[in-house]
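Participant: Input coords11.pdb, format and content: PDB, C-alpha atoms and all ligand atoms.
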ATOM      1  CA  MET G   1      -0.857  65.973 -37.012
ATOM      2  CA  ALA G   2      -1.123  68.461 -39.800
ATOM      3  CA  ASN G   3      -2.962  67.412 -42.933
ATOM      4  CA  ASN G   4      -2.717  70.648 -44.830
ATOM      5  CA  LYS G   5       0.485  71.499 -46.524
ATOM      6  CA  LYS G   6       1.409  75.030 -45.547
ATOM      7  CA  THR G   7       3.984  77.611 -46.574
ATOM      8  CA  VAL G   8       6.290  78.919 -43.876
ATOM      9  CA  LEU G   9       8.505  82.023 -44.036
ATOM     10  CA  VAL G  10      11.260  82.560 -41.463
ATOM     11  CA  ILE G  11      12.576  86.143 -41.317
ATOM     12  CA  VAL G  12      15.695  86.608 -39.210
ATOM     13  CA  ALA G  13      18.644  88.945 -38.794
ATOM     14  CA  HIS G  14      21.516  86.450 -39.016
ATOM     15  CA  ALA G  15      22.569  83.239 -40.691
ATOM     16  CA  ASP G  16      22.111  81.018 -37.610
ATOM     17  CA  ASP G  17      19.129  82.648 -35.840
ATOM     18  CA  MET G  18      16.650  80.141 -37.268
ATOM     19  CA  GLU G  19      18.777  77.118 -36.390
ATOM     20  CA  PHE G  20      19.344  78.243 -32.797
ATOM     21  CA  MET G  21      15.833  79.414 -32.023
ATOM     22  CA  ALA G  22      13.591  77.112 -34.066
ATOM     23  CA  GLY G  23      15.737  74.511 -35.839
ATOM     24  CA  GLY G  24      13.877  71.507 -34.427
ATOM     25  CA  THR G  25      10.465  72.959 -35.215
ATOM     26  CA  ILE G  26      11.464  73.905 -38.758
ATOM     27  CA  ALA G  27      12.881  70.416 -39.445
ATOM     28  CA  LYS G  28       9.675  68.881 -38.068
ATOM     29  CA  MET G  29       7.503  71.131 -40.233
ATOM     30  CA  ALA G  30       9.599  70.341 -43.320
ATOM     31  CA  ASP G  31       9.188  66.612 -42.638
ATOM     32  CA  ARG G  32       5.425  67.108 -42.411
ATOM     33  CA  GLY G  33       5.408  68.472 -45.943
ATOM     34  CA  HIS G  34       5.272  72.195 -45.240
ATOM     35  CA  ASP G  35       7.262  74.422 -47.635
ATOM     36  CA  ILE G  36       9.842  76.431 -45.746
ATOM     37  CA  HIS G  37      11.600  79.605 -46.923
ATOM     38  CA  GLU G  38      14.077  81.852 -45.124
ATOM     39  CA  VAL G  39      14.976  85.535 -45.405
ATOM     40  CA  ILE G  40      18.159  86.749 -43.674
ATOM     41  CA  ALA G  41      18.385  90.521 -43.271
ATOM     42  CA  THR G  42      22.124  91.078 -42.753
ATOM     43  CA  ASN G  43      25.398  89.934 -44.294
ATOM     44  CA  ASN G  44      26.621  88.650 -40.894
ATOM     45  CA  GLU G  45      30.033  90.172 -41.530
ATOM     46  CA  ARG G  46      30.777  91.155 -37.898
ATOM     47  CA  GLY G  47      29.969  87.814 -36.255
ATOM     48  CA  THR G  48      33.480  86.512 -35.746
ATOM     49  CA  LEU G  49      36.276  86.709 -33.160
ATOM     50  CA  GLU G  50      38.901  85.706 -35.732
ATOM     51  CA  PRO G  51      41.366  88.639 -35.838
ATOM     52  CA  ALA G  52      42.640  87.648 -39.280
ATOM     53  CA  TRP G  53      39.223  87.668 -40.956
ATOM     54  CA  SER G  54      37.994  90.552 -43.081
ATOM     55  CA  GLN G  55      34.313  91.489 -43.200
ATOM     56  CA  GLU G  56      34.173  90.209 -46.791
ATOM     57  CA  LEU G  57      35.560  86.822 -45.795
ATOM     58  CA  ALA G  58      33.145  86.549 -42.854
ATOM     59  CA  ALA G  59      30.152  87.512 -45.019
ATOM     60  CA  GLU G  60      31.071  84.944 -47.658
ATOM     61  CA  ALA G  61      31.651  82.159 -45.126
ATOM     62  CA  ARG G  62      28.400  82.853 -43.347
ATOM     63  CA  GLN G  63      26.300  82.911 -46.520
ATOM     64  CA  GLU G  64      27.602  79.458 -47.328
ATOM     65  CA  GLU G  65      26.972  78.266 -43.752
ATOM     66  CA  ALA G  66      23.428  79.663 -43.887
ATOM     67  CA  ARG G  67      22.697  77.689 -47.048
ATOM     68  CA  ARG G  68      24.123  74.495 -45.560
ATOM     69  CA  GLY G  69      22.264  74.887 -42.239
ATOM     70  CA  ALA G  70      18.976  75.593 -44.002
ATOM     71  CA  LYS G  71      19.467  72.565 -46.243
ATOM     72  CA  VAL G  72      19.886  70.260 -43.237
ATOM     73  CA  LEU G  73      16.532  71.474 -41.894
ATOM     74  CA  GLY G  74      14.760  71.050 -45.249
ATOM     75  CA  VAL G  75      14.421  74.751 -46.053
ATOM     76  CA  GLN G  76      13.780  75.310 -49.754
ATOM     77  CA  SER G  77      15.105  78.822 -50.323
ATOM     78  CA  VAL G  78      17.304  81.364 -48.570
ATOM     79  CA  GLU G  79      17.194  85.043 -49.516
ATOM     80  CA  PHE G  80      19.710  87.607 -48.241
ATOM     81  CA  LEU G  81      18.558  91.222 -47.936
ATOM     82  CA  GLY G  82      22.178  92.393 -47.767
ATOM     83  CA  TYR G  83      22.093  94.833 -44.838
ATOM     84  CA  GLU G  84      25.151  95.550 -42.729
ATOM     85  CA  ASP G  85      25.597  93.337 -39.673
ATOM     86  CA  GLY G  86      25.295  94.987 -36.266
ATOM     87  CA  ARG G  87      23.776  98.194 -37.668
ATOM     88  CA  LEU G  88      20.295  97.139 -38.754
ATOM     89  CA  SER G  89      18.638  99.717 -36.483
ATOM     90  CA  GLU G  90      20.085 102.423 -38.764
ATOM     91  CA  THR G  91      17.804 101.161 -41.526
ATOM     92  CA  PRO G  92      14.466 102.998 -41.330
ATOM     93  CA  LEU G  93      11.722 100.698 -40.004
ATOM     94  CA  ASN G  94       9.520 101.418 -43.016
ATOM     95  CA  GLU G  95      12.273 100.471 -45.456
ATOM     96  CA  LEU G  96      12.899  97.150 -43.737
ATOM     97  CA  ARG G  97       9.161  96.561 -43.352
ATOM     98  CA  GLU G  98       8.739  97.023 -47.103
ATOM     99  CA  LYS G  99      11.422  94.392 -47.754
ATOM    100  CA  CYS G 100       9.677  91.958 -45.394
ATOM    101  CA  MET G 101       6.256  92.681 -46.920
ATOM    102  CA  ARG G 102       7.663  92.154 -50.398
ATOM    103  CA  ALA G 103       9.033  88.753 -49.308
ATOM    104  CA  MET G 104       5.649  87.825 -47.819
ATOM    105  CA  ARG G 105       3.762  88.852 -50.955
ATOM    106  CA  ARG G 106       6.189  86.807 -53.031
ATOM    107  CA  VAL G 107       6.371  83.645 -50.844
ATOM    108  CA  ARG G 108       2.731  83.945 -49.621
ATOM    109  CA  PRO G 109       3.254  82.155 -46.297
ATOM    110  CA  HIS G 110       0.502  80.823 -44.034
ATOM    111  CA  ILE G 111       2.970  80.955 -41.146
ATOM    112  CA  ILE G 112       5.827  83.313 -40.280
ATOM    113  CA  PHE G 113       8.600  82.870 -37.710
ATOM    114  CA  THR G 114      10.679  85.741 -36.353
ATOM    115  CA  TRP G 115      12.178  87.300 -33.224
ATOM    116  CA  ASP G 116       9.595  88.577 -30.720
ATOM    117  CA  PRO G 117       9.665  92.382 -30.743
ATOM    118  CA  PHE G 118       7.937  92.466 -27.346
ATOM    119  CA  ALA G 119      10.416  90.221 -25.525
ATOM    120  CA  ASN G 120      12.698  91.819 -22.957
ATOM    121  CA  TYR G 121      16.465  91.638 -22.594
ATOM    122  CA  GLU G 122      17.303  91.442 -26.314
ATOM    123  CA  ASN G 123      20.771  92.965 -26.576
ATOM    124  CA  HIS G 124      21.181  92.738 -30.355
ATOM    125  CA  GLN G 125      19.832  95.649 -32.338
ATOM    126  CA  ASP G 126      19.588  93.505 -35.488
ATOM    127  CA  HIS G 127      17.159  91.141 -33.715
ATOM    128  CA  ARG G 128      15.060  94.028 -32.431
ATOM    129  CA  ALA G 129      14.993  95.728 -35.852
ATOM    130  CA  VAL G 130      14.030  92.649 -37.850
ATOM    131  CA  ALA G 131      11.383  91.748 -35.255
ATOM    132  CA  TRP G 132       9.584  95.088 -35.538
ATOM    133  CA  ALA G 133       9.760  95.146 -39.328
ATOM    134  CA  THR G 134       8.445  91.578 -39.620
ATOM    135  CA  ILE G 135       5.558  91.918 -37.161
ATOM    136  CA  GLU G 136       4.358  95.072 -38.916
ATOM    137  CA  ALA G 137       4.758  93.549 -42.361
ATOM    138  CA  ALA G 138       2.848  90.428 -41.295
ATOM    139  CA  SER G 139       0.091  92.521 -39.733
ATOM    140  CA  PHE G 140      -0.497  94.772 -42.762
ATOM    141  CA  CYS G 141       0.571  92.599 -45.702
ATOM    142  CA  HIS G 142      -3.083  92.143 -46.749
ATOM    143  CA  PHE G 143      -3.765  95.896 -46.801
ATOM    144  CA  PRO G 144      -3.712  96.852 -50.489
ATOM    145  CA  LEU G 145      -2.733 100.461 -49.859
ATOM    146  CA  TYR G 146       0.461  99.441 -48.085
ATOM    147  CA  HIS G 147       2.950  99.494 -50.957
ATOM    148  CA  PRO G 148       0.411  99.442 -53.791
ATOM    149  CA  GLU G 149       3.419  99.646 -56.140
ATOM    150  CA  HIS G 150       4.036  95.947 -55.401
ATOM    151  CA  ARG G 151       1.074  95.198 -57.654
ATOM    152  CA  ASP G 152       3.018  96.541 -60.633
ATOM    153  CA  GLU G 153       5.413  93.635 -60.064
ATOM    154  CA  GLY G 154       2.589  91.118 -59.720
ATOM    155  CA  LEU G 155       2.847  90.972 -55.916
ATOM    156  CA  GLU G 156      -0.667  90.924 -54.489
ATOM    157  CA  PRO G 157      -1.772  91.622 -50.888
ATOM    158  CA  HIS G 158      -1.612  88.487 -48.761
ATOM    159  CA  TYR G 159      -3.057  87.468 -45.382
ATOM    160  CA  VAL G 160      -0.490  85.957 -42.997
ATOM    161  CA  GLY G 161      -2.490  83.869 -40.531
ATOM    162  CA  GLU G 162      -0.038  82.497 -38.010
ATOM    163  CA  HIS G 163       2.876  84.188 -36.288
ATOM    164  CA  TYR G 164       5.460  82.259 -34.255
ATOM    165  CA  TYR G 165       7.738  84.521 -32.189
ATOM    166  CA  PHE G 166      10.900  83.309 -30.462
ATOM    167  CA  ALA G 167      13.151  85.085 -27.951
ATOM    168  CA  LYS G 168      16.237  84.566 -25.811
ATOM    169  CA  VAL G 169      14.055  85.287 -22.784
ATOM    170  CA  PRO G 170      10.596  84.364 -24.071
ATOM    171  CA  GLN G 171       7.449  85.853 -22.616
ATOM    172  CA  ASP G 172       3.815  84.730 -22.807
ATOM    173  CA  VAL G 173       4.797  81.363 -24.287
ATOM    174  CA  ASN G 174       1.687  79.564 -25.533
ATOM    175  CA  LYS G 175       3.187  76.989 -27.878
ATOM    176  CA  ILE G 176       5.852  74.411 -27.081
ATOM    177  CA  VAL G 177       6.851  72.087 -29.901
ATOM    178  CA  ASP G 178       8.073  68.579 -29.073
ATOM    179  CA  ILE G 179      11.405  68.352 -30.937
ATOM    180  CA  SER G 180      12.637  65.163 -29.243
ATOM    181  CA  ASP G 181      12.935  63.411 -32.626
ATOM    182  CA  TYR G 182      14.556  66.469 -34.180
ATOM    183  CA  ILE G 183      17.251  67.477 -31.690
ATOM    184  CA  ASP G 184      19.919  65.757 -33.784
ATOM    185  CA  ARG G 185      18.812  67.580 -36.950
ATOM    186  CA  LYS G 186      18.887  70.857 -35.008
ATOM    187  CA  LEU G 187      22.432  70.092 -33.869
ATOM    188  CA  GLU G 188      23.538  69.039 -37.355
ATOM    189  CA  SER G 189      22.169  72.292 -38.789
ATOM    190  CA  LEU G 190      24.055  74.288 -36.149
ATOM    191  CA  TYR G 191      27.272  72.402 -36.820
ATOM    192  CA  GLU G 192      27.092  73.663 -40.414
ATOM    193  CA  HIS G 193      27.630  77.159 -38.982
ATOM    194  CA  LYS G 194      31.240  76.354 -38.313
ATOM    195  CA  SER G 195      32.436  79.939 -37.831
ATOM    196  CA  GLN G 196      29.598  80.601 -35.370
ATOM    197  CA  MET G 197      30.207  77.422 -33.413
ATOM    198  CA  VAL G 198      33.911  78.263 -33.071
ATOM    199  CA  LEU G 199      32.833  81.756 -31.997
ATOM    200  CA  THR G 200      30.385  80.358 -29.422
ATOM    201  CA  VAL G 201      33.018  78.126 -27.817
ATOM    202  CA  THR G 202      35.678  80.873 -27.934
ATOM    203  CA  ASP G 203      33.238  83.325 -26.362
ATOM    204  CA  PHE G 204      32.436  80.803 -23.633
ATOM    205  CA  LYS G 205      36.145  80.377 -22.912
ATOM    206  CA  LEU G 206      36.630  84.160 -22.783
ATOM    207  CA  ALA G 207      33.749  84.472 -20.302
ATOM    208  CA  LEU G 208      35.247  81.716 -18.176
ATOM    209  CA  GLU G 209      38.679  83.334 -18.244
ATOM    210  CA  ALA G 210      37.317  86.805 -17.475
ATOM    211  CA  SER G 211      35.251  85.466 -14.568
ATOM    212  CA  GLY G 212      38.274  83.936 -12.878
ATOM    213  CA  LEU G 213      36.214  80.783 -12.251
ATOM    214  CA  ARG G 214      37.514  77.300 -12.915
ATOM    215  CA  LEU G 215      35.723  74.773 -15.082
ATOM    216  CA  PRO G 216      38.494  72.313 -15.951
ATOM    217  CA  ALA G 217      36.408  70.387 -18.476
ATOM    218  CA  PHE G 218      36.170  73.450 -20.700
ATOM    219  CA  GLU G 219      39.402  75.305 -20.047
ATOM    220  CA  ASN G 220      41.400  73.337 -22.561
ATOM    221  CA  ILE G 221      38.667  72.733 -25.082
ATOM    222  CA  ASP G 222      39.691  73.431 -28.661
ATOM    223  CA  PRO G 223      37.086  75.754 -30.267
ATOM    224  CA  GLN G 224      37.530  73.816 -33.531
ATOM    225  CA  ASN G 225      36.222  70.773 -31.664
ATOM    226  CA  TYR G 226      32.947  72.515 -30.883
ATOM    227  CA  ARG G 227      30.470  69.667 -31.173
ATOM    228  CA  PRO G 228      30.491  68.321 -27.588
ATOM    229  CA  LEU G 229      30.020  71.718 -25.946
ATOM    230  CA  ILE G 230      27.353  72.856 -28.439
ATOM    231  CA  ALA G 231      25.476  69.556 -28.053
ATOM    232  CA  GLN G 232      25.581  69.821 -24.274
ATOM    233  CA  GLN G 233      24.344  73.419 -24.205
ATOM    234  CA  ILE G 234      21.610  72.996 -26.817
ATOM    235  CA  LYS G 235      20.349  69.757 -25.235
ATOM    236  CA  ALA G 236      20.294  71.325 -21.745
ATOM    237  CA  TRP G 237      18.295  74.293 -23.049
ATOM    238  CA  ALA G 238      15.864  72.114 -25.062
ATOM    239  CA  ALA G 239      15.417  69.764 -22.091
ATOM    240  CA  THR G 240      14.421  72.666 -19.827
ATOM    241  CA  VAL G 241      11.753  73.655 -22.359
ATOM    242  CA  GLY G 242      10.668  70.055 -22.973
ATOM    243  CA  ARG G 243      10.044  69.437 -19.273
ATOM    244  CA  LYS G 244       7.224  71.987 -19.370
ATOM    245  CA  ILE G 245       5.152  69.585 -21.513
ATOM    246  CA  ASN G 246       6.730  66.325 -20.340
ATOM    247  CA  VAL G 247       8.761  65.607 -23.449
ATOM    248  CA  VAL G 248      12.516  65.150 -23.748
ATOM    249  CA  TYR G 249      13.297  68.209 -25.874
ATOM    250  CA  GLY G 250      11.233  71.245 -26.827
ATOM    251  CA  GLU G 251      11.279  74.688 -28.444
ATOM    252  CA  GLU G 252       8.978  77.452 -27.238
ATOM    253  CA  PHE G 253       7.125  80.272 -28.901
ATOM    254  CA  ARG G 254       4.630  83.035 -28.395
ATOM    255  CA  ARG G 255       2.147  82.244 -31.116
ATOM    256  CA  VAL G 256      -0.626  84.390 -32.551
ATOM    257  CA  ARG G 257      -3.098  82.611 -34.804
ATOM    258  CA  PHE G 258      -5.410  84.606 -37.060
ATOM    259  CA  GLY G 259      -5.388  87.660 -34.817
ATOM    260  CA  GLY G 260      -6.423  85.617 -31.765
ATOM    261  CA  ILE G 261      -9.576  84.279 -33.441
ATOM    262  CA  GLU G 262      -9.606  81.135 -31.268
ATOM    263  CA  ARG G 263     -11.270  83.005 -28.415
ATOM    264  CA  TRP G 264     -14.414  83.318 -30.608
ATOM    265  CA  LEU G 265     -14.445  79.721 -31.848
ATOM    266  CA  GLY G 266     -16.175  77.946 -28.963
ATOM    267  CA  GLU G 267     -16.042  74.223 -29.676
ATOM    268  CA  GLN G 268     -14.017  74.560 -32.846
ATOM    269  CA  ALA G 269     -10.269  74.248 -32.711
ATOM    270  CA  LEU G 270      -7.600  75.136 -35.213
ATOM    271  CA  GLU G 271      -5.518  72.287 -36.531
ATOM    272  CA  GLU G 272      -1.930  72.025 -35.266
ATOM    273  CA  ASP G 273       0.891  72.542 -37.749
ATOM    274  CA  THR G 274       3.496  70.458 -35.932
TER     275      THR G 274
HETATM  276 ZN    ZN N   1      21.320  86.739 -34.475
END
What's the structure tokens form of this structure?

Facilitator:
Amino acid sequence: MANNKKTVLVIVAHADDMEFMAGGTIAKMADRGHDIHEVIATNNERGTLEPAWSQELAAEARQEEARRGAKVLGVQSVEFLGYEDGRLSETPLNELREKCMRAMRRVRPHIIFTWDPFANYENHQDHRAVAWATIEAASFCHFPLYHPEHRDEGLEPHYVGEHYYFAKVPQDVNKIVDISDYIDRKLESLYEHKSQMVLTVTDFKLALEASGLRLPAFENIDPQNYRPLIAQQIKAWAATVGRKINVVYGEEFRRVRFGGIERWLGEQALEEDT
């Protein structure tokens, strides 16, 4: 049980990344009194299968969904960096890193969450781009000669102690958080991303149709009625993770604490944050 109130910064590419990958953990941390802030790099304007939607409409809808989802989890602020969805790798790494470092020097987090840049099989360039920018920003945020111009705005160098990395296919997992009491909050936060939930169910139906396989329970599902399918999928995934530590539901991370200082600590142990 954490006694110290900490500040947490989640830096992601899209409106629903945090909810999908760490929603239970973030809700748990918020309940334990930690301050949580989120930075979303893109405008999310390509994340829809609705033929009638424009990019402007999608971007607007997803900003609103991001705010609602974050609110359910207890996140205090959401900042949008405004980059184009699906093209984040065109942004120079050093430009995006500066934006992430600026956010860290402003929010001054003890803990950051982001995509794991070292995980394999990540097919989305936005996830890969934000992961590299965030890990570099977190690693060098306390170096005063990285963006010394930040000081002119009152943004001082800052040491980011703990890094939580998530991935679709995680590697070197060393932290599993018991989210059994928070699975419903995770689901509620995802449900706020209505356009993404409809997309997820529609995409599932397209995959089923393209495969030629039959799954009668899902063939006639209305994407607008997304809750049962989302709940089933998220619970199945969280249960697989939870089994690794004998709890009902879990979320998993590769975590780096203070540059791996624990190996030098001997008898001492760092306090847990969740
Ligand atoms: Zn994403």

Participant: List the residues selected by the PyMOL selection byres (((chain G and resi 226-229) around 8) and not hetatm) in the file shown, writing them as a ChimeraX atom specification.

Facilitator: /G:191,197-198,201,222-225,230-233

Participant: Skip G:Asn43 itself and residues of its chain fewer than 4 positions away, then list as a ChimeraX atom specification all residues within 12 Å of it, counting all atoms listed in the file.

Facilitator: /G:12-16,39,47,55-66,79-88,126

Participant: Any idea what the distance is between atom CA of G:Glu156 and atom CA of G:Leu265?

Facilitator: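 Atom CA of G:Leu265 lies at a distance of 28.8 Å from atom CA of G:Glu156.
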
Participant: Evaluate the PyMOL selection byres (((chain G and resi 139-151) around 8) and not hetatm) here and jot the selected residues down as a list in words.

Facilitator: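 For this structure, the PyMOL selection byres (((chain G and resi 139-151) around 8) and not hetatm) resolves to Glu98, Met101, Arg102, Met104, Arg105, Ile135, Glu136, Ala137, Ala138, Asp152, Glu153, Gly154, Leu155, Glu156, Pro157, His158, Tyr159 and Val160 of chain G.
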
Participant: Any chance you can output those residues with C-alpha atoms as a PDB file, keeping the file's coordinate frame?

Facilitator:
ATOM      1  CA  GLU G  98       8.739  97.023 -47.103  1.00  0.00           C
ATOM      2  CA  MET G 101       6.256  92.681 -46.920  1.00  0.00           C
ATOM      3  CA  ARG G 102       7.663  92.154 -50.398  1.00  0.00           C
ATOM      4  CA  MET G 104       5.649  87.825 -47.819  1.00  0.00           C
ATOM      5  CA  ARG G 105       3.762  88.852 -50.955  1.00  0.00           C
ATOM      6  CA  ILE G 135       5.558  91.918 -37.161  1.00  0.00           C
ATOM      7  CA  GLU G 136       4.358  95.072 -38.916  1.00  0.00           C
ATOM      8  CA  ALA G 137       4.758  93.549 -42.361  1.00  0.00           C
ATOM      9  CA  ALA G 138       2.848  90.428 -41.295  1.00  0.00           C
ATOM     10  CA  ASP G 152       3.018  96.541 -60.633  1.00  0.00           C
ATOM     11  CA  GLU G 153       5.413  93.635 -60.064  1.00  0.00           C
ATOM     12  CA  GLY G 154       2.589  91.118 -59.720  1.00  0.00           C
ATOM     13  CA  LEU G 155       2.847  90.972 -55.916  1.00  0.00           C
ATOM     14  CA  GLU G 156      -0.667  90.924 -54.489  1.00  0.00           C
ATOM     15  CA  PRO G 157      -1.772  91.622 -50.888  1.00  0.00           C
ATOM     16  CA  HIS G 158      -1.612  88.487 -48.761  1.00  0.00           C
ATOM     17  CA  TYR G 159      -3.057  87.468 -45.382  1.00  0.00           C
ATOM     18  CA  VAL G 160      -0.490  85.957 -42.997  1.00  0.00           C
TER      19      VAL G 160
END

Participant: For atom CA of G:Val177 and atom CA of G:Val241, quote the distance in Å rounded to one decimal.

Facilitator: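 Calculated distance between atom CA of G:Val177 and atom CA of G:Val241 is 9.1 Å.
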
Participant: Find the residues near G:Glu122: any atom within 9 Å, counting all atoms listed in the file, skip ones fewer than 6 places away on the same chain, and give them as an MDAnalysis selection string.

Facilitator: chainID G and resid 128 167:169

Participant: When you draw a straight line from atom CA of G:Thr91 to atom CA of G:His110, how long is it in Å?

Facilitator: 26.8 Å

Participant: Which residues match the PyMOL selection byres (((chain G and resi 74) around 8) and not hetatm) in the file above, as a PyMOL selection string?

Facilitator: chain G and resi 26-27+30-31+36+70-73+75-76

Participant: Rank nothing, just name the residue among G:Glu19, G:Glu188, G:Glu38, G:Glu271 nearest to ligand ZN 1 (chain N), using all atoms listed in the file.

Facilitator: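 Among the listed residues, the smallest separation from ligand ZN 1 (chain N) belongs to G:Glu19.
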
Participant: Looking at G:Ala22, G:Leu49, G:Ala133, G:Val247, which one is nearest to G:Phe204, with distances taken over all atoms listed in the file?

Facilitator: G:Leu49

Participant: I need the residue nearest ligand ZN 1 (chain N) from this list: G:Cys100, G:Ala131, G:Val107, G:Ala238. Use all atoms listed in the file for the distance.

Facilitator: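 That would be G:Ala131, the residue with the smallest distance to ligand ZN 1 (chain N).
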
Participant: Give the answer as one residue: which of G:Ala119, G:Leu215, G:Leu270, G:Lys99 has the shortest atom-to-atom distance to G:Asn4, using all atoms listed in the file?

Facilitator: G:Leu270

Participant: Considering all atoms listed in the file, state which residue in the set G:Ile40, G:Ala269, G:Ile179, G:Val10 is at the smallest distance from G:Thr25.

Facilitator: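 For G:Thr25, the nearest of the candidates is G:Ile179.
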
Participant: Would you list the contacts of G:Met29 as a ChimeraX atom specification, taking every protein, DNA or RNA residue within 12 Å and counting only C-alpha atoms, but skipping same-chain residues closer than 5 positions in sequence?

Facilitator: /G:1-9,22-24,34-37,73-75,111,177-179,182,272-274

Participant: Measuring between only C-alpha atoms and all ligand atoms, which one of G:Phe118, G:Phe253, G:Phe166, G:Trp53 shows the shortest distance to ligand ZN 1 (chain N)?

Facilitator: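 For ligand ZN 1 (chain N), the nearest of the candidates is G:Phe166.
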
Participant: Residues near G:Pro170, anyone? I mean within 12 Å using all atoms listed in the file, not counting same-chain ones fewer than 6 positions away, as a PDB file with C-alpha atoms, in the frame of the given file.

Facilitator:
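result.pdb, written as the output of this step:
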ATOM      1  CA  MET G  21      15.833  79.414 -32.023  1.00  0.00           C
ATOM      2  CA  TRP G 115      12.178  87.300 -33.224  1.00  0.00           C
ATOM      3  CA  ASP G 116       9.595  88.577 -30.720  1.00  0.00           C
ATOM      4  CA  PRO G 117       9.665  92.382 -30.743  1.00  0.00           C
ATOM      5  CA  PHE G 118       7.937  92.466 -27.346  1.00  0.00           C
ATOM      6  CA  ALA G 119      10.416  90.221 -25.525  1.00  0.00           C
ATOM      7  CA  ASN G 120      12.698  91.819 -22.957  1.00  0.00           C
ATOM      8  CA  TYR G 121      16.465  91.638 -22.594  1.00  0.00           C
ATOM      9  CA  GLU G 122      17.303  91.442 -26.314  1.00  0.00           C
ATOM     10  CA  TYR G 164       5.460  82.259 -34.255  1.00  0.00           C
ATOM     11  CA  ILE G 176       5.852  74.411 -27.081  1.00  0.00           C
ATOM     12  CA  VAL G 241      11.753  73.655 -22.359  1.00  0.00           C
ATOM     13  CA  GLU G 251      11.279  74.688 -28.444  1.00  0.00           C
ATOM     14  CA  GLU G 252       8.978  77.452 -27.238  1.00  0.00           C
ATOM     15  CA  PHE G 253       7.125  80.272 -28.901  1.00  0.00           C
ATOM     16  CA  ARG G 254       4.630  83.035 -28.395  1.00  0.00           C
ATOM     17  CA  ARG G 255       2.147  82.244 -31.116  1.00  0.00           C
TER      18      ARG G 255
END
